[in-house]
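Notes follow the structure.
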Amino acid sequence: MCALLKQAMEKIDRTREHAATLFFRLLANDDLPHVPHRAELAALLDGWEHVDWQSAAESFPRLTPLLALPVYRRALLQGLVVSVGGLTESIVKHSSASLLHFLKARAVMPAELLPFAALLLSLFEENLKRDRVSLPLIRTLDLLLSNGVFDRLAASDDSFGEQLAVLLGKEVAGCADAAKLLVAIDLLCDLINLGDKARVKSLGLLSVLLCHKYPKVRRTAGSKLYEALITYDHVLPDDVDRILPLLSDTNWDDPVASLVPVRNELCDLMAVPRPLAKRSVAAARPAVLP
């Protein structure tokens, strides 16, 4: 049943329709035993046979409320993040609206968001370096953080932001895919506002990207960090007036060697460690005797 619900939240219209139809046919069979939350399912989705399951506008609002049922939550979210973080406009629009509506209704009580935060972290850890899931998941997390879903949770417990920043660091470590790094930059900028530990970690990762080998990655990191510090001007209240001109006035298309001193100055102003050059890291390792 969970596998069918996962497919019923996926981005492919025909797959959604087939999975949802099978799920509710099974649910309607009274001879099928041991269906968790049978009564709640019937109450929430009365009239399922009249729903156009190929329509994103109809299917996602119908199924997303089932996230309230813990036994189905992981499967639903696994399918939903692929839709929310996908590239098809209509699927992204309706799946994102449904997920935001569901979670924002619970955002006033941080304790109610804890299971969802833990599940998102778990899905991220399970799918590290698996772009089919990790990329849509990063986009989904960007959507949730940029809409303030986890702001109250972070105010009471900053461990979610810290763990998320660590996982994102693992995901982009050694990454040479510019498109993936551009998606990650958005989430890194969101993390600036998710507690001190997440801020330090995300600023550290962004500082590395300011001197990335691809000019587009450098430009995007610089412009997005500038925008984030304007939006979240409270996170660096003392030095933001010195940081912003450096970010805006620097030509991030210049050779990396000329950008390193600027990047290092930014690190000092933001109170994050300067990234070590690869040669410095190698030199710091103890020599291995034959």
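Order determines the names: the first chain of the structure tokens is A, the second B, and so forth; residues in each chain are numbered 1 upward, and ligands are numbered 1 upward as they are shown.
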
Please provide the set of residues having any atom within 12 Å of A:Leu120, restricted to only C-alpha atoms, with same-chain residues fewer than 5 positions apart removed, written as a CSV table (one decimal) with C-alpha atoms, in the first residue's frame.
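Wrote it out as result13.csv, contents follow:
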chain,number,residue,atom,x,y,z
A,73,ARG,CA,4.4,9.4,5.6
A,74,ARG,CA,7.8,8.2,4.3
A,75,ALA,CA,6.3,6.7,1.1
A,76,LEU,CA,4.3,9.8,0.3
A,77,LEU,CA,7.2,12.1,0.9
A,78,GLN,CA,9.5,10.0,-1.2
A,80,LEU,CA,6.2,14.0,-3.4
A,81,VAL,CA,9.7,15.5,-3.3
A,113,LEU,CA,7.3,19.7,12.4
A,114,LEU,CA,10.0,17.6,14.1
A,115,PRO,CA,8.9,14.3,12.4
A,125,GLU,CA,21.2,10.8,3.9
A,126,GLU,CA,19.8,7.7,2.2
A,127,ASN,CA,20.1,9.3,-1.2
A,133,VAL,CA,16.4,11.9,-5.6
A,134,SER,CA,18.9,14.3,-4.1
A,136,PRO,CA,14.7,17.3,-6.3
A,137,LEU,CA,15.1,17.0,-2.6
A,138,ILE,CA,17.4,20.0,-2.5
A,140,THR,CA,12.1,20.9,-2.1
A,141,LEU,CA,14.1,21.9,0.9
A,144,LEU,CA,10.3,25.0,2.4
A,150,PHE,CA,11.1,25.7,9.6
A,160,PHE,CA,18.0,20.6,12.0
A,161,GLY,CA,19.8,23.3,10.2
A,163,GLN,CA,22.5,18.5,10.1
A,164,LEU,CA,21.1,19.7,6.8
A,167,LEU,CA,24.5,16.6,4.5

#### Entry: Who sits within 12 Å of A:His50, only C-alpha atoms, same chain under 4 positions skipped, as a list of chain:residue names
A:Glu17, A:Ala20, A:Thr21, A:Phe24, A:Leu45, A:Asp46, A:Gln54, A:Ser55, A:Glu58, A:Ser59, A:Arg62

Exercise for review: Might you pull out every residue within 10 Å of A:Ser159, with only C-alpha atoms counted and same-chain residues fewer than 2 positions away left off, and present them as a ChimeraX atom specification?
Suggested key: /A:153-154,156-157,161-165,194-198

Output file for the selection above: N, CA, C and O atoms, as an mmCIF file, in the first residue's frame:
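Full text of again.cif as output:
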data_model
loop_
_atom_site.group_PDB
_atom_site.id
_atom_site.type_symbol
_atom_site.label_atom_id
_atom_site.label_comp_id
_atom_site.auth_asym_id
_atom_site.auth_seq_id
_atom_site.Cartn_x
_atom_site.Cartn_y
_atom_site.Cartn_z
ATOM 1 N N LEU A 153 10.930 26.230 14.161
ATOM 2 C CA LEU A 153 11.660 25.051 14.626
ATOM 3 C C LEU A 153 13.128 25.398 14.850
ATOM 4 O O LEU A 153 13.720 25.010 15.860
ATOM 5 N N ALA A 154 13.724 26.138 13.921
ATOM 6 C CA ALA A 154 15.131 26.525 14.054
ATOM 7 C C ALA A 154 15.354 27.449 15.237
ATOM 8 O O ALA A 154 16.412 27.419 15.877
ATOM 9 N N SER A 156 13.924 27.282 18.069
ATOM 10 C CA SER A 156 13.917 26.513 19.318
ATOM 11 C C SER A 156 14.964 25.406 19.325
ATOM 12 O O SER A 156 15.375 24.937 20.383
ATOM 13 N N ASP A 157 15.406 24.979 18.141
ATOM 14 C CA ASP A 157 16.375 23.883 18.051
ATOM 15 C C ASP A 157 17.103 23.999 16.717
ATOM 16 O O ASP A 157 16.507 23.774 15.660
ATOM 17 N N GLY A 161 19.025 22.580 11.111
ATOM 18 C CA GLY A 161 19.814 23.341 10.159
ATOM 19 C C GLY A 161 21.249 22.860 10.085
ATOM 20 O O GLY A 161 21.833 22.752 8.999
ATOM 21 N N GLU A 162 21.825 22.545 11.242
ATOM 22 C CA GLU A 162 23.207 22.072 11.258
ATOM 23 C C GLU A 162 23.342 20.749 10.512
ATOM 24 O O GLU A 162 24.250 20.573 9.681
ATOM 25 N N GLN A 163 22.451 19.801 10.791
ATOM 26 C CA GLN A 163 22.513 18.496 10.126
ATOM 27 C C GLN A 163 22.278 18.623 8.624
ATOM 28 O O GLN A 163 22.926 17.945 7.822
ATOM 29 N N LEU A 164 21.367 19.494 8.252
ATOM 30 C CA LEU A 164 21.093 19.705 6.835
ATOM 31 C C LEU A 164 22.309 20.299 6.128
ATOM 32 O O LEU A 164 22.662 19.890 5.014
ATOM 33 N N ALA A 165 22.981 21.242 6.774
ATOM 34 C CA ALA A 165 24.176 21.848 6.184
ATOM 35 C C ALA A 165 25.289 20.809 6.011
ATOM 36 O O ALA A 165 26.000 20.812 5.000
ATOM 37 N N LEU A 194 19.123 29.722 9.475
ATOM 38 C CA LEU A 194 18.600 28.572 10.205
ATOM 39 C C LEU A 194 19.473 28.221 11.411
ATOM 40 O O LEU A 194 19.673 27.053 11.716
ATOM 41 N N GLY A 195 19.963 29.233 12.098
ATOM 42 C CA GLY A 195 20.754 28.992 13.302
ATOM 43 C C GLY A 195 22.230 29.252 13.075
ATOM 44 O O GLY A 195 22.729 29.187 11.946
ATOM 45 N N ASP A 196 22.946 29.524 14.166
ATOM 46 C CA ASP A 196 24.364 29.895 14.060
ATOM 47 C C ASP A 196 25.220 28.787 13.452
ATOM 48 O O ASP A 196 26.104 29.051 12.624
ATOM 49 N N LYS A 197 24.996 27.540 13.856
ATOM 50 C CA LYS A 197 25.823 26.439 13.347
ATOM 51 C C LYS A 197 25.601 26.220 11.862
ATOM 52 O O LYS A 197 26.550 25.997 11.103
ATOM 53 N N ALA A 198 24.330 26.287 11.440
ATOM 54 C CA ALA A 198 24.033 26.151 10.014
ATOM 55 C C ALA A 198 24.617 27.327 9.237
ATOM 56 O O ALA A 198 25.117 27.156 8.114
#

A straight line from atom CA of A:Leu99 to atom CA of A:Cys189 spans 21.3 Å

**Item:** Filtered DSSP result for stretch 56-269 of chain A, state helix (DSSP H, G or I), as number ranges by chain
**Value:** A: 56-68, 70-84, 89-104, 110-126, 131-146, 151-156, 159-172, 178-191, 196-209, 215-231, 240-249, 256-269

Checklist entry - Using only C-alpha atoms, which residues sit within 9 Å of A:Arg152 once same-chain residues fewer than 3 positions away are excluded, as JSON, numbers by chain? => result {"A": [107, 108, 109, 110, 148, 149, 155, 156, 157]}

Please, could you write that set of residues out with C-alpha atoms as a PDB file, in the first residue's frame?
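Wrote selection.pdb, looks like this:
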ATOM      1  CA  ALA A 107       4.541  25.411  11.408  1.00  0.00           C
ATOM      2  CA  VAL A 108       2.989  27.315  14.319  1.00  0.00           C
ATOM      3  CA  MET A 109       3.824  24.343  16.556  1.00  0.00           C
ATOM      4  CA  PRO A 110       7.494  23.373  16.087  1.00  0.00           C
ATOM      5  CA  GLY A 148       9.851  30.032   6.329  1.00  0.00           C
ATOM      6  CA  VAL A 149       8.337  26.632   7.105  1.00  0.00           C
ATOM      7  CA  ALA A 155      14.491  29.194  16.685  1.00  0.00           C
ATOM      8  CA  SER A 156      13.917  26.513  19.318  1.00  0.00           C
ATOM      9  CA  ASP A 157      16.375  23.883  18.051  1.00  0.00           C
TER      10      ASP A 157
END

- Task: Fewer than 6 positions away in the same chain doesn't count, so skip those; otherwise give me all residues within 8 Å of A:Ala178, counting only C-alpha atoms, as a ChimeraX atom specification.
- Result: /A:214,216-217

Could you write out the selected residues, including N, CA and C atoms, as a PDB file, in the first residue's frame?
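again_34.pdb, freshly written:
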ATOM      1  N   TYR A 214      34.464  27.081 -12.166  1.00  0.00           N
ATOM      2  CA  TYR A 214      33.505  27.554 -13.159  1.00  0.00           C
ATOM      3  C   TYR A 214      33.062  28.985 -12.843  1.00  0.00           C
ATOM      4  N   LYS A 216      30.511  30.671 -13.809  1.00  0.00           N
ATOM      5  CA  LYS A 216      29.076  30.786 -13.536  1.00  0.00           C
ATOM      6  C   LYS A 216      28.754  30.425 -12.101  1.00  0.00           C
ATOM      7  N   VAL A 217      29.454  29.436 -11.577  1.00  0.00           N
ATOM      8  CA  VAL A 217      29.255  29.053 -10.173  1.00  0.00           C
ATOM      9  C   VAL A 217      29.724  30.180  -9.264  1.00  0.00           C
TER      10      VAL A 217
END

Check your understanding: For A:Asp158, which residue among A:Ala28, A:Asp239, A:Arg199, A:Leu259 is the nearest when counting only C-alpha atoms?
Key ->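 Closest candidate: A:Arg199.
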
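Restricting the calculation to only C-alpha atoms, the smallest distance between A:Glu112 and any of A:Leu67, A:Val82, A:Leu145, A:Val240 is found for A:Leu67.
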
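Proximity of A:Lys170, A:Arg219, A:Lys104, A:Lys129 to A:Leu182, computed with only C-alpha atoms, is greatest for A:Arg219.
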
Quiz item: For A:Asp151, which of A:Ala39, A:Met1, A:Ala179, A:Leu103 is the closest residue, counting only C-alpha atoms?
Solution: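 That would be A:Leu103, the residue with the smallest distance to A:Asp151.
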
List as a ChimeraX atom specification the protein and nucleic acid residues near stretch 260-264 of chain A, meaning an atom at most 12 Å away when only C-alpha atoms are counted, but skip any in the same chain fewer than 5 places from it.
/A:203-213,218,221-222,242-243,245-252,254-255,269-277

Keeping only N, CA, C and O atoms, write the selected residues to a file as a compact mmCIF listing (two decimals), in the first residue's frame.
# COMPACT_ATOMS: atom_id res chain seq x y z
N LEU A 203 28.03 29.33 5.13
CA LEU A 203 28.92 30.39 4.66
C LEU A 203 30.29 29.83 4.28
O LEU A 203 30.91 30.29 3.31
N GLY A 204 30.74 28.84 5.03
CA GLY A 204 32.00 28.18 4.68
C GLY A 204 31.94 27.51 3.32
O GLY A 204 32.86 27.61 2.51
N LEU A 205 30.83 26.81 3.05
CA LEU A 205 30.67 26.14 1.76
C LEU A 205 30.52 27.17 0.62
O LEU A 205 31.08 26.98 -0.47
N LEU A 206 29.80 28.25 0.88
CA LEU A 206 29.65 29.28 -0.13
C LEU A 206 30.99 29.95 -0.44
O LEU A 206 31.26 30.31 -1.59
N SER A 207 31.82 30.11 0.57
CA SER A 207 33.12 30.73 0.34
C SER A 207 33.99 29.86 -0.57
O SER A 207 34.80 30.37 -1.35
N VAL A 208 33.84 28.55 -0.46
CA VAL A 208 34.56 27.65 -1.37
C VAL A 208 34.07 27.87 -2.80
O VAL A 208 34.86 27.95 -3.76
N LEU A 209 32.76 27.98 -2.97
CA LEU A 209 32.19 28.15 -4.31
C LEU A 209 32.51 29.51 -4.92
O LEU A 209 32.47 29.68 -6.14
N LEU A 210 32.83 30.51 -4.09
CA LEU A 210 33.23 31.82 -4.62
C LEU A 210 34.53 31.73 -5.43
O LEU A 210 34.81 32.63 -6.23
N CYS A 211 35.30 30.68 -5.21
CA CYS A 211 36.53 30.48 -5.97
C CYS A 211 36.49 29.16 -6.75
O CYS A 211 37.53 28.53 -6.98
N HIS A 212 35.31 28.73 -7.14
CA HIS A 212 35.17 27.51 -7.92
C HIS A 212 35.76 27.71 -9.32
O HIS A 212 35.88 28.85 -9.80
N LYS A 213 36.09 26.62 -9.97
CA LYS A 213 36.74 26.73 -11.29
C LYS A 213 35.78 27.24 -12.37
O LYS A 213 36.23 27.77 -13.40
N ARG A 218 30.86 30.78 -9.58
CA ARG A 218 31.38 31.90 -8.77
C ARG A 218 30.42 33.07 -8.79
O ARG A 218 30.11 33.67 -7.75
N ALA A 221 27.23 32.24 -6.83
CA ALA A 221 27.48 32.21 -5.38
C ALA A 221 27.59 33.64 -4.85
O ALA A 221 27.04 33.96 -3.78
N GLY A 222 28.29 34.51 -5.58
CA GLY A 222 28.43 35.89 -5.13
C GLY A 222 27.12 36.65 -5.12
O GLY A 222 26.79 37.34 -4.14
N ARG A 242 30.33 46.17 5.22
CA ARG A 242 31.62 45.97 4.56
C ARG A 242 31.58 44.76 3.63
O ARG A 242 32.30 44.72 2.63
N ILE A 243 30.76 43.79 3.96
CA ILE A 243 30.68 42.56 3.16
C ILE A 243 29.96 42.81 1.84
O ILE A 243 30.42 42.36 0.77
N PRO A 245 29.55 45.49 -0.21
CA PRO A 245 30.30 46.09 -1.32
C PRO A 245 31.33 45.14 -1.93
O PRO A 245 31.55 45.15 -3.15
N LEU A 246 31.97 44.33 -1.08
CA LEU A 246 32.94 43.37 -1.61
C LEU A 246 32.27 42.38 -2.56
O LEU A 246 32.80 42.05 -3.62
N LEU A 247 31.09 41.91 -2.18
CA LEU A 247 30.38 40.95 -3.02
C LEU A 247 29.89 41.58 -4.32
O LEU A 247 29.97 40.96 -5.39
N SER A 248 29.38 42.80 -4.23
CA SER A 248 28.80 43.42 -5.43
C SER A 248 29.84 44.02 -6.36
O SER A 248 29.65 44.04 -7.58
N ASP A 249 30.94 44.51 -5.83
CA ASP A 249 31.93 45.20 -6.66
C ASP A 249 32.96 44.26 -7.27
O ASP A 249 33.68 44.66 -8.20
N THR A 250 33.05 43.04 -6.79
CA THR A 250 34.03 42.09 -7.31
C THR A 250 33.53 41.47 -8.61
O THR A 250 32.36 41.08 -8.72
N ASN A 251 34.40 41.39 -9.58
CA ASN A 251 34.09 40.69 -10.83
C ASN A 251 34.45 39.22 -10.65
O ASN A 251 35.62 38.83 -10.72
N TRP A 252 33.45 38.41 -10.43
CA TRP A 252 33.70 36.99 -10.13
C TRP A 252 34.08 36.19 -11.37
O TRP A 252 34.33 34.97 -11.26
N ASP A 254 36.80 37.12 -12.94
CA ASP A 254 38.26 37.26 -12.94
C ASP A 254 38.92 35.92 -12.62
O ASP A 254 38.27 35.01 -12.08
N PRO A 255 40.22 35.78 -12.93
CA PRO A 255 40.93 34.54 -12.60
C PRO A 255 40.84 34.23 -11.10
O PRO A 255 40.86 35.13 -10.26
N LEU A 269 35.58 38.62 7.56
CA LEU A 269 34.47 39.49 7.97
C LEU A 269 33.26 38.68 8.43
O LEU A 269 32.51 39.11 9.31
N MET A 270 33.05 37.52 7.80
CA MET A 270 31.90 36.68 8.16
C MET A 270 32.21 35.74 9.31
O MET A 270 31.35 34.96 9.73
N ALA A 271 33.45 35.78 9.81
CA ALA A 271 33.87 34.95 10.94
C ALA A 271 33.74 33.46 10.64
O ALA A 271 33.26 32.68 11.46
N VAL A 272 34.18 33.08 9.43
CA VAL A 272 34.24 31.66 9.08
C VAL A 272 35.67 31.34 8.66
O VAL A 272 36.39 32.22 8.16
N PRO A 273 36.10 30.10 8.84
CA PRO A 273 37.48 29.74 8.48
C PRO A 273 37.73 29.90 6.98
O PRO A 273 36.86 29.63 6.16
N ARG A 274 38.93 30.36 6.65
CA ARG A 274 39.30 30.42 5.24
C ARG A 274 39.48 29.01 4.69
O ARG A 274 40.11 28.17 5.35
N PRO A 275 38.95 28.73 3.49
CA PRO A 275 39.19 27.41 2.90
C PRO A 275 40.66 27.20 2.64
O PRO A 275 41.38 28.13 2.25
N LEU A 276 41.11 25.98 2.86
CA LEU A 276 42.50 25.65 2.59
C LEU A 276 42.66 25.27 1.14
O LEU A 276 41.86 24.53 0.58
N ALA A 277 43.73 25.79 0.51
CA ALA A 277 44.04 25.37 -0.85
C ALA A 277 44.44 23.91 -0.84
O ALA A 277 44.94 23.39 0.16

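Residue nearest A:Ile91 within the list A:Val200, A:Ala56, A:Leu27, A:Glu49: A:Ala56 [criterion: smallest interatomic distance, only C-alpha atoms].
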
A straight line from atom CA of A:Leu44 to atom CA of A:Phe60 spans 12.9 Å

Review point. Atom CA of A:Asp241 and atom CA of A:Lys224, how far apart in Å?
Key: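 Between atom CA of A:Lys224 and atom CA of A:Asp241 the gap is 16.3 Å.
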